[in-house]
Amino acid sequence: MPSKMLIMCTSGPDTPTRLGTPFHQAMTAIALDAEEVIIVFTMEGTRLLKPGVAETVFAKKGSSHSVLDSMRDAKECGVQFFVCPSSLELHDMKQEDCIPELDGGMGAASYASMGMQDDVVVFCY
Amino acid sequence: MPSKMLIMCTSGPDTPTRLGTPFHQAMTAIALDAEEVIIVFTMEGTRLLKPGVAETVFAKKGSSHSVLDSMRDAKECGVQFFVCPSSLELHDMKQEDCIPELDGGMGAASYASMGMQDDVVVFCY
Amino acid sequence: MPSKMLIMCTSGPDTPTRLGTPFHQAMTAIALDAEEVIIVFTMEGTRLLKPGVAETVFAKKGSSHSVLDSMRDAKECGVQFFVCPSSLELHDMKQEDCIPELDGGMGAASYASMGMQDDVVVFCY
C-alpha cells in the first residue's frame, strides 16, 4: 500500500477555487498516517510562494481563511513544501526570495523518481 | 494490477473542452473490467452537480450531446459519482440540492485513502 | 517499482506556463531509465499538434525556446507522443494533419489500461 503522497500544485492565484483541496487533502493524508506527504509547486502554483501573494488569495470568496492560512495549517501537520526550480525561472523568481514555509527545491528528477516509487500516489492539481 | 480507478473531476462549466474525457475514460475503464470506477467532483467540477448546469454545457461546441448526457452515459455503465463536501461549501451548495446522478459525498479522508490503495490508479482532470 | 510514466497533457496554447513541465519531466524520466515515457495529448493539449501552433507558444514570455522546441527535445530523448482520437474530433482536427512529431493515436481504452498497470505512474497536466 502506498504510504506516501505527492501532490503537484500547478494552480495559482488566478484560479483560487483550486487552492483549498491540495492543502486540505495533504493534511488529511498525514492524519491517515501517510509516511510522507509532499506538495511540489510548479507552473502557476509557484506564484503562491512569492511573499505577499498567498495571504491575499481566498479559495472561497468572502472567507477570512486565506490560502496562506491553509498552507500553514498543512505545514503544521507535517506536510512538506518544495518548489520546482524550473518554475521559479519561469516566473523570474529566486528560491531565497520565497516565503519561509517553503522547505526547498525539488527538480523534475526528484519528483519523477518519487512518483515512480511503488509506495507513492500522485495527485495533480 | 490496479483494478480501480479514481478520477478527480476538478474542471467545471467554464472549461467545457475538459469535460468529455473524464466521463468517456471512466466508462471505458468499466468496459475494461475495472472493479470500481469513481469520479469525485471537487473544485470547479462541483458546479456541474447544480441542477440546470450540466445540460447547458457542451464539451464540443455545436454538439447535441451535453455534459449531463455524458455523465448519464457513465452512470449507466456503473461509474459512481461522489462530491467532496468541502467543495460544496466553497460554492454555497448543499448535497441534497445536487442532481440525482450523484451517489453521495466523499471527503478528503476517503479519496486520499482510496488513492493510497495498491490497486487504484488516480487521474486528475 | 513503476518503470513507465504516462503524462496526460490536457493544457494547450491558452495556458503557456503549463507547457514546460510536461516535456521537461518526460525527458528527465527517460534519463532516469524509465522503460517507457508516453505523453497523451487530450482536451486543450491536442491543439498543440496543429501545424503552426506549438512554435508560436512559449512557456516563458520572452524566451526563444518554443513549446515545439521542448516537444522536439523530449522526442529526441525517446519520449513518445500520442493523441486521444476523441480530442481530435473535439477540435475538428484529423490525425493525418497533425505535426510529424506525433507517434499515433491512443484511445481511452489504451491509456486507461496503461494507467491500470502496476508499473505505471500517471501525471495529469
# chains A, B, ... in the order shown; residues from 1 in each chain; ligands from 1
call {"tool": "select_by_dssp", "arguments": {"residues": "range 29-85 of chain A", "states": "alpha helix (DSSP H)", "output": "list in words"}}
result
Ala29, Ile30, Ala31, Val67, Leu68, Asp69, Ser70, Met71, Arg72, Asp73, Ala74, Lys75, Glu76, Cys77 and Pro85 of chain A
call {"tool": "write_last_selection", "arguments": {"atoms": "N, CA, C and O atoms", "output": "tab-separated table (two decimals), in the first residue's frame"}}
result
chain	number	residue	atom	x	y	z
A	29	ALA	N	-4.09	13.34	4.60
A	29	ALA	CA	-3.24	12.16	4.35
A	29	ALA	C	-2.28	11.95	5.53
A	29	ALA	O	-2.03	10.82	5.94
A	30	ILE	N	-1.79	13.04	6.08
A	30	ILE	CA	-0.93	12.95	7.27
A	30	ILE	C	-1.74	12.32	8.42
A	30	ILE	O	-1.27	11.41	9.11
A	31	ALA	N	-2.96	12.81	8.59
A	31	ALA	CA	-3.82	12.29	9.66
A	31	ALA	C	-4.10	10.80	9.46
A	31	ALA	O	-4.36	10.07	10.42
A	67	VAL	N	-5.33	31.42	1.50
A	67	VAL	CA	-4.55	30.27	1.03
A	67	VAL	C	-3.28	30.12	1.88
A	67	VAL	O	-2.88	29.01	2.20
A	68	LEU	N	-2.71	31.23	2.30
A	68	LEU	CA	-1.54	31.14	3.18
A	68	LEU	C	-1.91	30.44	4.49
A	68	LEU	O	-1.16	29.61	4.99
A	69	ASP	N	-3.10	30.75	5.01
A	69	ASP	CA	-3.56	30.06	6.23
A	69	ASP	C	-3.65	28.55	5.98
A	69	ASP	O	-3.23	27.76	6.82
A	70	SER	N	-4.21	28.16	4.84
A	70	SER	CA	-4.33	26.73	4.52
A	70	SER	C	-2.94	26.10	4.40
A	70	SER	O	-2.71	24.96	4.84
A	71	MET	N	-2.03	26.83	3.79
A	71	MET	CA	-0.66	26.33	3.65
A	71	MET	C	-0.02	26.13	5.02
A	71	MET	O	0.61	25.10	5.29
A	72	ARG	N	-0.23	27.10	5.90
A	72	ARG	CA	0.35	27.00	7.25
A	72	ARG	C	-0.27	25.85	8.04
A	72	ARG	O	0.43	25.15	8.77
A	73	ASP	N	-1.58	25.67	7.89
A	73	ASP	CA	-2.24	24.53	8.56
A	73	ASP	C	-1.58	23.23	8.12
A	73	ASP	O	-1.30	22.36	8.95
A	74	ALA	N	-1.35	23.10	6.82
A	74	ALA	CA	-0.76	21.87	6.28
A	74	ALA	C	0.67	21.68	6.80
A	74	ALA	O	1.06	20.58	7.21
A	75	LYS	N	1.43	22.78	6.81
A	75	LYS	CA	2.82	22.72	7.30
A	75	LYS	C	2.86	22.24	8.76
A	75	LYS	O	3.70	21.43	9.13
A	76	GLU	N	1.96	22.77	9.57
A	76	GLU	CA	1.94	22.41	11.00
A	76	GLU	C	1.68	20.92	11.20
A	76	GLU	O	2.10	20.35	12.20
A	77	CYS	N	0.97	20.33	10.25
A	77	CYS	CA	0.67	18.89	10.35
A	77	CYS	C	1.83	18.04	9.86
A	77	CYS	O	1.81	16.82	10.01
A	85	PRO	N	12.53	24.07	-9.44
A	85	PRO	CA	13.41	25.19	-9.80
A	85	PRO	C	13.13	25.78	-11.18
A	85	PRO	O	13.21	27.00	-11.37
call {"tool": "calpha_fit_and_write", "arguments": {"fixed": "chain B", "moving": "chain C", "output": "short mmCIF file (atom, residue, chain, number, x, y, z; two decimals) with C-alpha atoms, in the first residue's frame"}}
result
data_model
loop_
_atom_site.label_atom_id
_atom_site.label_comp_id
_atom_site.auth_asym_id
_atom_site.auth_seq_id
_atom_site.Cartn_x
_atom_site.Cartn_y
_atom_site.Cartn_z
CA MET C 1 -2.56 -4.70 -11.23
CA PRO C 2 -4.78 -1.79 -10.18
CA SER C 3 -8.37 -2.70 -10.77
CA LYS C 4 -9.91 0.52 -9.51
CA MET C 5 -9.82 3.99 -10.99
CA LEU C 6 -10.27 7.27 -9.15
CA ILE C 7 -10.89 10.29 -11.35
CA MET C 8 -10.82 13.70 -9.70
CA CYS C 9 -13.05 15.97 -11.79
CA THR C 10 -11.78 19.44 -10.87
CA SER C 11 -12.89 21.26 -14.03
CA GLY C 12 -16.27 22.90 -14.44
CA PRO C 13 -18.62 24.74 -16.79
CA ASP C 14 -16.06 27.46 -17.64
CA THR C 15 -13.73 24.94 -19.32
CA PRO C 16 -16.11 22.79 -21.37
CA THR C 17 -13.47 21.12 -23.54
CA ARG C 18 -12.17 19.47 -20.35
CA LEU C 19 -15.49 17.74 -19.68
CA GLY C 20 -15.61 14.96 -22.25
CA THR C 21 -12.57 12.83 -21.37
CA PRO C 22 -13.32 12.16 -17.67
CA PHE C 23 -16.68 10.52 -18.35
CA HIS C 24 -15.59 8.75 -21.51
CA GLN C 25 -12.49 7.34 -19.82
CA ALA C 26 -14.49 6.23 -16.78
CA MET C 27 -16.95 4.31 -18.99
CA THR C 28 -14.07 2.75 -20.86
CA ALA C 29 -12.42 1.60 -17.64
CA ILE C 30 -15.66 -0.18 -16.68
CA ALA C 31 -15.70 -1.83 -20.11
CA LEU C 32 -12.13 -2.98 -19.39
CA ASP C 33 -13.42 -4.77 -16.29
CA ALA C 34 -12.17 -2.30 -13.72
CA GLU C 35 -13.68 -3.41 -10.44
CA GLU C 36 -14.65 0.10 -9.37
CA VAL C 37 -14.56 3.46 -11.15
CA ILE C 38 -15.26 6.54 -9.09
CA ILE C 39 -15.42 10.16 -10.14
CA VAL C 40 -15.03 12.65 -7.32
CA PHE C 41 -16.21 16.16 -8.13
CA THR C 42 -14.25 18.91 -6.43
CA MET C 43 -13.07 22.51 -7.07
CA GLU C 44 -14.89 23.76 -10.20
CA GLY C 45 -16.21 20.28 -11.03
CA THR C 46 -18.73 20.51 -8.23
CA ARG C 47 -20.64 23.21 -10.11
CA LEU C 48 -21.69 20.53 -12.61
CA LEU C 49 -23.83 18.97 -9.90
CA LYS C 50 -26.11 22.00 -9.58
CA PRO C 51 -29.44 21.26 -11.27
CA GLY C 52 -29.69 23.00 -14.63
CA VAL C 53 -25.95 23.35 -15.23
CA ALA C 54 -24.53 20.22 -16.89
CA GLU C 55 -27.26 20.09 -19.53
CA THR C 56 -26.26 23.53 -20.79
CA VAL C 57 -22.55 22.69 -21.13
CA PHE C 58 -21.15 21.00 -24.22
CA ALA C 59 -17.59 19.67 -24.48
CA LYS C 60 -17.81 20.25 -28.22
CA LYS C 61 -19.37 23.47 -29.48
CA GLY C 62 -22.43 22.76 -31.61
CA SER C 63 -22.80 19.18 -30.39
CA SER C 64 -26.16 18.01 -29.15
CA HIS C 65 -24.59 15.74 -26.53
CA SER C 66 -24.37 17.73 -23.31
CA VAL C 67 -22.08 17.09 -20.37
CA LEU C 68 -25.14 15.81 -18.50
CA ASP C 69 -25.64 13.27 -21.29
CA SER C 70 -22.01 12.13 -20.88
CA MET C 71 -22.50 11.89 -17.13
CA ARG C 72 -25.63 9.79 -17.59
CA ASP C 73 -23.88 7.50 -20.08
CA ALA C 74 -21.14 6.91 -17.50
CA LYS C 75 -23.66 6.31 -14.71
CA GLU C 76 -25.49 3.71 -16.79
CA CYS C 77 -22.24 1.79 -17.20
CA GLY C 78 -21.69 1.65 -13.47
CA VAL C 79 -19.43 4.64 -12.82
CA GLN C 80 -20.08 6.14 -9.40
CA PHE C 81 -20.22 9.89 -8.69
CA PHE C 82 -19.23 11.44 -5.38
CA VAL C 83 -18.74 15.03 -4.30
CA CYS C 84 -16.13 16.45 -1.95
CA PRO C 85 -18.17 18.11 0.83
CA SER C 86 -15.66 20.97 1.22
CA SER C 87 -16.19 21.88 -2.41
CA LEU C 88 -19.95 22.10 -1.84
CA GLU C 89 -19.29 24.65 0.88
CA LEU C 90 -16.93 26.52 -1.45
CA HIS C 91 -19.80 27.08 -3.88
CA ASP C 92 -22.52 27.57 -1.25
CA MET C 93 -24.18 24.35 -2.37
CA LYS C 94 -25.81 21.56 -0.40
CA GLN C 95 -25.62 17.87 -1.19
CA GLU C 96 -29.38 17.45 -1.09
CA ASP C 97 -29.77 20.08 -3.81
CA CYS C 98 -27.47 18.26 -6.23
CA ILE C 99 -28.63 16.36 -9.33
CA PRO C 100 -29.94 12.83 -8.71
CA GLU C 101 -27.00 11.30 -10.62
CA LEU C 102 -24.82 11.97 -7.54
CA ASP C 103 -24.24 8.87 -5.39
CA GLY C 104 -23.14 10.74 -2.27
CA GLY C 105 -20.40 12.65 -0.52
CA MET C 106 -16.77 11.56 -0.24
CA GLY C 107 -14.43 13.59 1.91
CA ALA C 108 -10.67 14.00 1.54
CA ALA C 109 -10.04 11.20 4.04
CA SER C 110 -11.90 8.75 1.83
CA TYR C 111 -10.42 9.73 -1.51
CA ALA C 112 -6.92 10.10 -0.06
CA SER C 113 -7.29 6.60 1.42
CA MET C 114 -8.61 5.23 -1.82
CA GLY C 115 -5.70 6.80 -3.72
CA MET C 116 -3.23 5.22 -1.31
CA GLN C 117 -4.49 1.71 -2.01
CA ASP C 118 -2.28 -0.56 -4.11
CA ASP C 119 -4.85 -1.35 -6.71
CA VAL C 120 -6.03 2.18 -7.51
CA VAL C 121 -4.88 4.49 -10.28
CA VAL C 122 -5.61 8.21 -9.98
CA PHE C 123 -6.28 10.64 -12.83
CA CYS C 124 -6.88 14.33 -12.09
CA TYR C 125 -8.79 16.35 -14.66
#
call {"tool": "select_by_dssp", "arguments": {"residues": "range 31-88 of chain C", "states": "strand (DSSP E)", "output": "PyMOL selection string"}}
result
chain C and resi 36-41+80-83
